[in-house]
Protein chains: 4
Amino acid sequence: MTHSIAILGASGYAGGELVRLADEHPDLEVAYLGAHSSAGRPLADVHPHLRFSQRVLGSNDPEMIPDVDLAFLALPHGSSWEPALALLDRGVRVIDLGSDFRMDNPDRYLEAYGTPHPAPEQLGSWAYGIPELFGDQIAGSDRVASPGCYPTSAVLPLAPVLAADLIAANGIIVDSASGASGAGRGLDAGLLFGAVDESVKAYKVLEHRHQPEMERALEAVVGSAVQVVFTPHLVPMQRGILSTIYARVSDDVGRDDLVAALEKAYSGAPFVEVIDRPPETRWVVGSNRALISVHVDGRSGTAVFLCAIDNLLKGAAGQAVQNANLMLGADEAAGLPFAGWMP
Amino acid sequence: MTHSIAILGASGYAGGELVRLADEHPDLEVAYLGAHSSAGRPLADVHPHLRFSQRVLGSNDPEMIPDVDLAFLALPHGSSWEPALALLDRGVRVIDLGSDFRMDNPDRYLEAYGTPHPAPEQLGSWAYGIPELFGDQIAGSDRVASPGCYPTSAVLPLAPVLAADLIAANGIIVDSASGASGAGRGLDAGLLFGAVDESVKAYKVLEHRHQPEMERALEAVVGSAVQVVFTPHLVPMQRGILSTIYARVSDDVGRDDLVAALEKAYSGAPFVEVIDRPPETRWVVGSNRALISVHVDGRSGTAVFLCAIDNLLKGAAGQAVQNANLMLGADEAAGLPFAGWMP
Amino acid sequence: MTHSIAILGASGYAGGELVRLADEHPDLEVAYLGAHSSAGRPLADVHPHLRFSQRVLGSNDPEMIPDVDLAFLALPHGSSWEPALALLDRGVRVIDLGSDFRMDNPDRYLEAYGTPHPAPEQLGSWAYGIPELFGDQIAGSDRVASPGCYPTSAVLPLAPVLAADLIAANGIIVDSASGASGAGRGLDAGLLFGAVDESVKAYKVLEHRHQPEMERALEAVVGSAVQVVFTPHLVPMQRGILSTIYARVSDDVGRDDLVAALEKAYSGAPFVEVIDRPPETRWVVGSNRALISVHVDGRSGTAVFLCAIDNLLKGAAGQAVQNANLMLGADEAAGLPFAGWMP
Amino acid sequence: MTHSIAILGASGYAGGELVRLADEHPDLEVAYLGAHSSAGRPLADVHPHLRFSQRVLGSNDPEMIPDVDLAFLALPHGSSWEPALALLDRGVRVIDLGSDFRMDNPDRYLEAYGTPHPAPEQLGSWAYGIPELFGDQIAGSDRVASPGCYPTSAVLPLAPVLAADLIAANGIIVDSASGASGAGRGLDAGLLFGAVDESVKAYKVLEHRHQPEMERALEAVVGSAVQVVFTPHLVPMQRGILSTIYARVSDDVGRDDLVAALEKAYSGAPFVEVIDRPPETRWVVGSNRALISVHVDGRSGTAVFLCAIDNLLKGAAGQAVQNANLMLGADEAAGLPFAGWMP
């Protein structure tokens, strides 16, 4: 069964991946592509890797969108809540890849973003879009907040072991390395080739908005407070996130216990796999998969989790399509790539 | 209609792409995967981006291959002629991605490779696998020599304008830049990250085997002698070839004439497009497409052609599958990607 | 003997290299650093690799410059002629790393830059700053136009063999690959990591301003018309240029003749070496050296020259300091690095 | 005053940097260069960035070394103890860049390397070569074990705050990202461009030999047990290490206290600087400097230290020369670069 979709913010990296995935999806048909400053330009101008297509970008104005079954919003922070609500009013399902509806309450939103939420009554009603953890809510909802790339890579390994009470809920450290596409396509001196190539840096140390988002997601799973310290790093590559996560374990918890909890949680999940060696980001770039490995240092009582994803797929567009599949009653894996791109 | 296939040399980069493409192809079913030193190992060990698969690699011994409709051979130079002939004897169609059957006669083979061909009587009977130029021969053949990556990028822009007598047949210069995957996965000090990253070099200057191959292919199209000077360069990226090609034009030949000849030649070709600006390799990496631009310097009487391909797809595995489609009576574009990967 | 210098445009890449080289130079003392939009900021803010220094950037206004022996101008096209003339009036020697004074006459300037020169009477009086070819003029001048990066890499191999009448003066093709630093630090979507990394492209095909500059320099050496076709390429690395140059040779000219002419021309040149294998850019990145190899295809009567330089050193700041050494009566190699940076 | 030196293992990356630094050093004169498999080859063959030099590599046999004042050994693990002892017997000072003499006792050596030390009586007599922490021992010794790259980046920020009792001595996490040169030049499939480029991975998780080395160095400073969890990562760049270090602080310890302890410890250190923003590795690549930033999360009681070094300079050859300066009575900073290489 074919479902018509619209994509706003189609000129960005995540937007481009949404177009590519939707074009290859057996059940989705792209009815509208919107953009901001690129409105009116051919799609091939902003995404030359899609240049076989003759489509032209429209604006991001939701009134321009025809009646579709579902809209993906890949817009900057603060730009999606208005079109989202307008589309919901028209009966259009909405998946927001932005950050406007990821928090569960106004206080956390204020903590993360520094301003009050413009429509605080909405915050309780959006599903948080990690299908492996919140699948039922997603399937039953018309509004889903697709998570950030870093939170996806941290919440997948942590949620099951926290829920099983195998690690401590505080003192968790998430140390992540991301390719530059995570920062988007905007003109920024820090994203020039001359600034990114051949260098590594940490940024927004102890100030990144994904830290409260991680806590919000984990608390939704475990039902009590979770405390995370988060350091994102920019590394010289296009795609991919590797999160190295440290948590305290008690003496009687071993690697087997942690692996068992993860394997049980993800036994039916097509895109999450626990593997027996440290994953490399290149193994998942191009794929919607998340690869997790588990290591325990008995001496210090520390568990180390490694999780690799493609920040633009499982961390953005791929997970959004996975959410759409659930919302539209399609197979969860429909149209999503398992194979990555190597070399 | 499903066709069973075998892939020998499945552990290399081109072999891995063949596996990926075949898995995603609607009409192909992989019945056997062979490898040399990796025989007996899980596919996921050598291609961790395909690690969702449980398959195990067999050997490259053709006797181990079950009865299949077609075999892809992605083997080193000199290693495919024996399995190819054995498979043909059993009635299996063969596409050789290696270099054993690309030449049209024993003399040219000797010039290119420095040794006599071990089965010289074969050389006249193999089709040269550029579907856009030799489609009829390919469709009617049970043995196809899939071309080298550099020749594909040079022959596509040159053949139609040479055939239309718009450029001189000598004095042609092909200056190509390739990503490192073109050199394969072998352990070679020159392919270490420390040797490739942040550097450009020319190699095998005036000695590369692809120069006689280019001449062989162009002569097959135009029916008379063609002379090419070829310089390959290694640039610090994984995939992609950009060939910058210089040829002499007479005063009465303009850019429009060249473009018209190319557009006419490729009007029905799904994967070749003439564009109005210089193509970047990233626009085609991940895609089976070739993008060509044309520029003319009237002052010096020089035409400049730029051609960008993915060396592992249109330059290797993608073109091989395109050949398979023709040989098996499938749609030429079946199972082949149009969209590239960006960023 | 110590000479005081000023550097305008110190915030750019070439400007930063000038600061670094001058700091390490035994005879130069930096008296003033100027910048445009970064005026007033600490040097360490714009060049964090120089952050041990406490200096602050002034403006590019030449009136702010104290009385110095020599000024380096590393300013955008069209921005150096006014401060250059003002400084010369004050008796300050000027080395312009920009393009305002590189042409030898107003017509060529118009051809290259599309506008009339603002001070055309100057064009005959500036030395063209390749010390190995125009050393006497440079040593005797108070105004030197330091060449572009691409012209340096093309003129060094071509000038001696053209002067010795060993190659044809037309039909010369210069095909160059450059790292991204050649395009500067400006905010440009085409210079984002996402646009440069893992891709190769040609740009300004048949339209680049360095083509007339190459002809101007070669004609100054050989005394008659020279015609060049030039294609620059951007490759994913920070520094380095490799130029691959094609020229026609008659049957009686062999590789030995070309090598002999080059070795004779550069026998006393500390920074130019003819080597017996294709040079890689990484061998010269960090060094002021130019490495040249020579190859001849007797079949087609084609000579191939390869020349590798560091675009920011021999192609910009290093060569400017080499010019300064000559103008100030210092040793030509004073303060200039021979060793490159590897890996 | 000139001191003659020998360098064994001159063909590796650290060895090449030693040659480059020694050549530029005012007081050092290279009397001998040794190599293993490259013995007998010109230096320019293995280090083409040094190709202006006519030197030829000798063997690593210490008997071939003339009487020199000091020998640098840049040899693989287990290969330096014999030549070191032979040279010491001859009265030659030795700086071992390898790992044979870094541990303080046989038990720790066994823990780190899995085999008993071949000359255990030596372990107490070697100085551990971080000049900022063990300068007096180094200056007074004829044998110095130059530290590993990762330990240098972790010990510099941690030692002063541990010594001042500002952070807890257990629960310390060192999460490091390194460029590929840290793994050397050996032929290893994991170091091919195709394996390293565009990917991030952790390796030797909880098993890396630098973890006991970090503890050994920190314990030597603080005089009591220290416990570290260490995860190294390989990122796609040539040089540079960024270590992100997490430690527990009590409520009454703030960022200012930590900064003050570090600034006091390094007030006279020319190469260590505490800065007010997260350092990027590119700011120190090419330089012998270490840049440190300090961040405190009061909520969780976590201090985060970032430390960036060039793994081949402050992490290897630069620090070795710094040690040599102390041992030979030269200025600590003699011949060592402050400026880095950008872009």
# chains A, B, ... in the order shown; residues from 1 in each chain; ligands from 1
>>> residues_around(residues="Ala74 in chain B", least_positions_apart="5", cutoff="12 Å", atoms="only C-alpha atoms", output="PyMOL selection string")
chain B and resi 6-19+33-36+60+79-81+83-84+94-100+145-148+184+312+316-317+320
>>> interface_residues(of="chain B", to="chain D", cutoff="12 Å", atoms="only C-alpha atoms", output="MDAnalysis selection string")
chainID B and resid 12:13 46:49 179:199 234:239 343
>>> write_last_selection(atoms="N, CA and C atoms", output="compact mmCIF listing (two decimals), in the first residue's frame")
# COMPACT_ATOMS: atom_id res chain seq x y z
N GLY B 12 37.42 -9.35 -2.08
CA GLY B 12 38.00 -8.05 -2.45
C GLY B 12 36.96 -6.94 -2.43
N TYR B 13 37.42 -5.74 -2.77
CA TYR B 13 36.48 -4.61 -2.78
C TYR B 13 35.41 -4.78 -3.87
N VAL B 46 35.32 -10.60 6.50
CA VAL B 46 36.07 -9.83 5.50
C VAL B 46 35.27 -8.62 5.02
N HIS B 47 33.96 -8.67 5.17
CA HIS B 47 33.11 -7.54 4.79
C HIS B 47 32.18 -7.19 5.95
N PRO B 48 32.71 -6.56 6.98
CA PRO B 48 31.87 -6.33 8.18
C PRO B 48 30.65 -5.43 7.90
N HIS B 49 30.65 -4.72 6.78
CA HIS B 49 29.45 -3.95 6.45
C HIS B 49 28.32 -4.87 5.97
N GLY B 179 40.48 7.26 -6.38
CA GLY B 179 40.54 6.90 -4.98
C GLY B 179 41.31 5.60 -4.79
N ALA B 180 41.68 5.35 -3.53
CA ALA B 180 42.59 4.25 -3.24
C ALA B 180 41.97 2.88 -3.41
N SER B 181 40.66 2.77 -3.41
CA SER B 181 40.07 1.44 -3.53
C SER B 181 40.37 0.82 -4.89
N GLY B 182 40.71 1.65 -5.88
CA GLY B 182 41.07 1.12 -7.18
C GLY B 182 42.28 0.21 -7.13
N ALA B 183 43.10 0.38 -6.11
CA ALA B 183 44.29 -0.45 -5.99
C ALA B 183 44.05 -1.71 -5.17
N GLY B 184 42.84 -1.91 -4.72
CA GLY B 184 42.52 -3.15 -4.03
C GLY B 184 42.88 -3.14 -2.56
N ARG B 185 42.76 -4.32 -1.97
CA ARG B 185 42.92 -4.48 -0.52
C ARG B 185 44.23 -5.10 -0.12
N GLY B 186 45.12 -5.34 -1.06
CA GLY B 186 46.36 -6.04 -0.74
C GLY B 186 47.23 -5.25 0.22
N LEU B 187 48.07 -5.98 0.96
CA LEU B 187 49.00 -5.34 1.89
C LEU B 187 50.15 -4.75 1.10
N ASP B 188 50.21 -3.43 1.03
CA ASP B 188 51.21 -2.73 0.22
C ASP B 188 51.54 -1.44 0.96
N ALA B 189 52.84 -1.23 1.18
CA ALA B 189 53.24 -0.04 1.94
C ALA B 189 52.71 1.25 1.32
N GLY B 190 52.56 1.24 0.01
CA GLY B 190 52.04 2.44 -0.66
C GLY B 190 50.57 2.66 -0.46
N LEU B 191 49.87 1.71 0.13
CA LEU B 191 48.44 1.87 0.38
C LEU B 191 48.13 2.08 1.86
N LEU B 192 49.16 2.20 2.69
CA LEU B 192 48.91 2.50 4.09
C LEU B 192 48.30 3.89 4.23
N PHE B 193 47.52 4.09 5.25
CA PHE B 193 46.95 5.41 5.51
C PHE B 193 48.05 6.47 5.54
N GLY B 194 49.16 6.14 6.18
CA GLY B 194 50.26 7.09 6.29
C GLY B 194 50.87 7.46 4.95
N ALA B 195 50.66 6.64 3.92
CA ALA B 195 51.23 6.93 2.60
C ALA B 195 50.22 7.61 1.68
N VAL B 196 48.95 7.37 1.90
CA VAL B 196 47.92 7.86 0.96
C VAL B 196 47.30 9.17 1.43
N ASP B 197 46.99 9.24 2.71
CA ASP B 197 46.31 10.41 3.26
C ASP B 197 47.11 11.68 3.03
N GLU B 198 46.43 12.75 2.66
CA GLU B 198 47.05 14.08 2.51
C GLU B 198 48.18 14.10 1.49
N SER B 199 48.04 13.32 0.42
CA SER B 199 49.06 13.36 -0.62
C SER B 199 48.45 12.98 -1.97
N LEU B 234 46.86 8.82 -7.80
CA LEU B 234 46.18 8.36 -6.59
C LEU B 234 45.89 9.57 -5.71
N VAL B 235 44.64 9.75 -5.32
CA VAL B 235 44.27 10.86 -4.45
C VAL B 235 43.67 10.31 -3.17
N PRO B 236 43.74 11.09 -2.09
CA PRO B 236 43.35 10.54 -0.77
C PRO B 236 41.85 10.49 -0.56
N MET B 237 41.23 9.50 -1.18
CA MET B 237 39.81 9.24 -0.95
C MET B 237 39.58 7.76 -1.25
N GLN B 238 38.47 7.25 -0.79
CA GLN B 238 38.21 5.83 -0.95
C GLN B 238 37.81 5.49 -2.38
N ARG B 239 36.85 6.21 -2.92
CA ARG B 239 36.22 5.83 -4.18
C ARG B 239 36.15 7.00 -5.13
N PRO B 343 26.40 13.26 2.20
CA PRO B 343 27.82 13.59 2.10
C PRO B 343 28.63 12.32 2.42
>>> atom_distance(atom1="CA of Asp297 in chain D", atom2="CA of Val222 in chain A")
23.5 Å
>>> atom_distance(atom1="CA of Leu306 in chain A", atom2="CA of Gly268 in chain A")
20.5 Å
>>> select_by_dssp(residues="range 42-106 of chain B", states="alpha helix (DSSP H)", output="list in words")
Leu43, Ala44, Asp45, Val46, Trp81, Glu82, Pro83, Ala84, Leu85, Ala86, Leu87, Leu88, Asp89 and Pro106 of chain B
>>> write_last_selection(atoms="all heavy atoms", output="compact mmCIF listing (two decimals), in the first residue's frame")
# COMPACT_ATOMS: atom_id res chain seq x y z
N LEU B 43 31.70 -14.51 5.68
CA LEU B 43 31.65 -13.31 4.86
C LEU B 43 31.78 -12.06 5.73
O LEU B 43 32.44 -11.09 5.38
CB LEU B 43 30.33 -13.27 4.09
CG LEU B 43 30.06 -12.04 3.24
CD1 LEU B 43 31.03 -11.99 2.07
CD2 LEU B 43 28.62 -12.02 2.75
N ALA B 44 31.14 -12.09 6.90
CA ALA B 44 31.13 -10.92 7.78
C ALA B 44 32.51 -10.56 8.30
O ALA B 44 32.75 -9.43 8.70
CB ALA B 44 30.18 -11.15 8.95
N ASP B 45 33.41 -11.52 8.30
CA ASP B 45 34.77 -11.22 8.75
C ASP B 45 35.50 -10.33 7.77
O ASP B 45 36.26 -9.43 8.16
CB ASP B 45 35.57 -12.51 8.91
CG ASP B 45 35.53 -13.02 10.33
OD1 ASP B 45 34.62 -12.62 11.08
OD2 ASP B 45 36.40 -13.84 10.68
N VAL B 46 35.32 -10.60 6.50
CA VAL B 46 36.07 -9.83 5.50
C VAL B 46 35.27 -8.62 5.02
O VAL B 46 35.84 -7.66 4.52
CB VAL B 46 36.50 -10.70 4.31
CG1 VAL B 46 37.51 -11.74 4.76
CG2 VAL B 46 35.31 -11.36 3.64
N TRP B 81 41.50 -16.78 -16.23
CA TRP B 81 41.27 -17.49 -17.50
C TRP B 81 40.97 -18.97 -17.31
O TRP B 81 40.07 -19.49 -17.97
CB TRP B 81 42.47 -17.28 -18.46
CG TRP B 81 43.74 -17.98 -18.09
CD1 TRP B 81 44.71 -17.54 -17.25
CD2 TRP B 81 44.16 -19.26 -18.55
NE1 TRP B 81 45.72 -18.45 -17.16
CE2 TRP B 81 45.41 -19.52 -17.95
CE3 TRP B 81 43.62 -20.22 -19.40
CZ2 TRP B 81 46.12 -20.71 -18.17
CZ3 TRP B 81 44.33 -21.41 -19.63
CH2 TRP B 81 45.57 -21.64 -19.02
N GLU B 82 41.62 -19.60 -16.35
CA GLU B 82 41.35 -21.04 -16.17
C GLU B 82 39.94 -21.30 -15.61
O GLU B 82 39.18 -22.05 -16.23
CB GLU B 82 42.42 -21.65 -15.27
CG GLU B 82 43.69 -21.96 -16.05
CD GLU B 82 44.70 -22.74 -15.24
OE1 GLU B 82 45.08 -22.24 -14.15
OE2 GLU B 82 45.11 -23.83 -15.66
N PRO B 83 39.56 -20.65 -14.50
CA PRO B 83 38.17 -20.88 -14.05
C PRO B 83 37.15 -20.43 -15.09
O PRO B 83 36.08 -21.07 -15.23
CB PRO B 83 38.06 -20.08 -12.75
CG PRO B 83 39.30 -19.26 -12.65
CD PRO B 83 40.33 -19.89 -13.53
N ALA B 84 37.46 -19.37 -15.81
CA ALA B 84 36.50 -18.90 -16.82
C ALA B 84 36.23 -19.99 -17.85
O ALA B 84 35.08 -20.32 -18.16
CB ALA B 84 37.03 -17.63 -17.50
N LEU B 85 37.31 -20.59 -18.38
CA LEU B 85 37.12 -21.60 -19.42
C LEU B 85 36.43 -22.84 -18.87
O LEU B 85 35.58 -23.45 -19.53
CB LEU B 85 38.47 -21.95 -20.05
CG LEU B 85 39.18 -20.77 -20.75
CD1 LEU B 85 40.44 -21.23 -21.46
CD2 LEU B 85 38.24 -20.06 -21.72
N ALA B 86 36.79 -23.21 -17.63
CA ALA B 86 36.14 -24.37 -17.02
C ALA B 86 34.64 -24.13 -16.86
O ALA B 86 33.82 -25.02 -17.12
CB ALA B 86 36.78 -24.67 -15.66
N LEU B 87 34.27 -22.93 -16.45
CA LEU B 87 32.85 -22.63 -16.26
C LEU B 87 32.13 -22.57 -17.60
O LEU B 87 30.99 -23.05 -17.73
CB LEU B 87 32.70 -21.31 -15.48
CG LEU B 87 33.10 -21.42 -14.01
CD1 LEU B 87 33.36 -20.04 -13.40
CD2 LEU B 87 32.00 -22.14 -13.22
N LEU B 88 32.74 -21.97 -18.59
CA LEU B 88 32.11 -21.92 -19.91
C LEU B 88 31.87 -23.32 -20.46
O LEU B 88 30.81 -23.60 -21.05
CB LEU B 88 33.00 -21.11 -20.88
CG LEU B 88 32.99 -19.60 -20.64
CD1 LEU B 88 34.14 -18.94 -21.41
CD2 LEU B 88 31.65 -18.99 -21.06
N ASP B 89 32.83 -24.21 -20.20
CA ASP B 89 32.66 -25.60 -20.65
C ASP B 89 31.42 -26.24 -20.02
O ASP B 89 30.78 -27.10 -20.64
CB ASP B 89 33.89 -26.42 -20.24
CG ASP B 89 35.01 -26.28 -21.26
OD1 ASP B 89 34.77 -25.73 -22.37
OD2 ASP B 89 36.14 -26.72 -20.96
N PRO B 106 46.32 -11.23 -29.38
CA PRO B 106 47.49 -11.62 -28.58
C PRO B 106 48.60 -10.56 -28.56
O PRO B 106 49.28 -10.40 -27.54
CB PRO B 106 47.98 -12.90 -29.25
CG PRO B 106 46.77 -13.45 -29.93
CD PRO B 106 45.98 -12.27 -30.38
>>> decode(residues="range 89-100 of chain A", atoms="N, CA, C and O atoms", output="PDB file, in the first residue's frame")
ATOM      1  N   ASP A  89      -3.182  19.431  12.621  1.00  0.00           N
ATOM      2  CA  ASP A  89      -4.558  19.929  12.536  1.00  0.00           C
ATOM      3  C   ASP A  89      -5.261  19.457  11.267  1.00  0.00           C
ATOM      4  O   ASP A  89      -6.484  19.274  11.256  1.00  0.00           O
ATOM      5  N   ARG A  90      -4.458  19.290  10.216  1.00  0.00           N
ATOM      6  CA  ARG A  90      -5.034  18.831   8.953  1.00  0.00           C
ATOM      7  C   ARG A  90      -5.113  17.314   8.867  1.00  0.00           C
ATOM      8  O   ARG A  90      -5.478  16.755   7.823  1.00  0.00           O
ATOM      9  N   GLY A  91      -4.719  16.643   9.938  1.00  0.00           N
ATOM     10  CA  GLY A  91      -4.790  15.188   9.930  1.00  0.00           C
ATOM     11  C   GLY A  91      -3.585  14.505   9.328  1.00  0.00           C
ATOM     12  O   GLY A  91      -3.624  13.307   9.040  1.00  0.00           O
ATOM     13  N   VAL A  92      -2.517  15.261   9.158  1.00  0.00           N
ATOM     14  CA  VAL A  92      -1.294  14.673   8.613  1.00  0.00           C
ATOM     15  C   VAL A  92      -0.420  14.166   9.754  1.00  0.00           C
ATOM     16  O   VAL A  92      -0.151  14.904  10.704  1.00  0.00           O
ATOM     17  N   ARG A  93       0.018  12.920   9.662  1.00  0.00           N
ATOM     18  CA  ARG A  93       0.976  12.417  10.656  1.00  0.00           C
ATOM     19  C   ARG A  93       2.290  13.187  10.509  1.00  0.00           C
ATOM     20  O   ARG A  93       2.703  13.523   9.401  1.00  0.00           O
ATOM     21  N   VAL A  94       2.953  13.394  11.642  1.00  0.00           N
ATOM     22  CA  VAL A  94       4.188  14.174  11.603  1.00  0.00           C
ATOM     23  C   VAL A  94       5.319  13.418  12.298  1.00  0.00           C
ATOM     24  O   VAL A  94       5.145  12.919  13.421  1.00  0.00           O
ATOM     25  N   ILE A  95       6.472  13.347  11.621  1.00  0.00           N
ATOM     26  CA  ILE A  95       7.711  12.904  12.268  1.00  0.00           C
ATOM     27  C   ILE A  95       8.668  14.075  12.239  1.00  0.00           C
ATOM     28  O   ILE A  95       9.056  14.554  11.175  1.00  0.00           O
ATOM     29  N   ASP A  96       9.006  14.547  13.427  1.00  0.00           N
ATOM     30  CA  ASP A  96       9.903  15.696  13.543  1.00  0.00           C
ATOM     31  C   ASP A  96      11.316  15.202  13.805  1.00  0.00           C
ATOM     32  O   ASP A  96      11.598  14.656  14.868  1.00  0.00           O
ATOM     33  N   LEU A  97      12.203  15.408  12.818  1.00  0.00           N
ATOM     34  CA  LEU A  97      13.606  15.039  13.031  1.00  0.00           C
ATOM     35  C   LEU A  97      14.342  16.115  13.815  1.00  0.00           C
ATOM     36  O   LEU A  97      15.494  15.912  14.213  1.00  0.00           O
ATOM     37  N   GLY A  98      13.709  17.269  14.007  1.00  0.00           N
ATOM     38  CA  GLY A  98      14.305  18.345  14.782  1.00  0.00           C
ATOM     39  C   GLY A  98      14.115  18.112  16.269  1.00  0.00           C
ATOM     40  O   GLY A  98      13.686  17.044  16.721  1.00  0.00           O
ATOM     41  N   SER A  99      14.428  19.124  17.021  1.00  0.00           N
ATOM     42  CA  SER A  99      14.492  18.953  18.470  1.00  0.00           C
ATOM     43  C   SER A  99      13.308  19.592  19.201  1.00  0.00           C
ATOM     44  O   SER A  99      13.309  19.654  20.425  1.00  0.00           O
ATOM     45  N   ASP A 100      12.284  20.029  18.493  1.00  0.00           N
ATOM     46  CA  ASP A 100      11.229  20.784  19.172  1.00  0.00           C
ATOM     47  C   ASP A 100      10.367  19.956  20.109  1.00  0.00           C
ATOM     48  O   ASP A 100       9.807  20.490  21.075  1.00  0.00           O
TER      49      ASP A 100
END
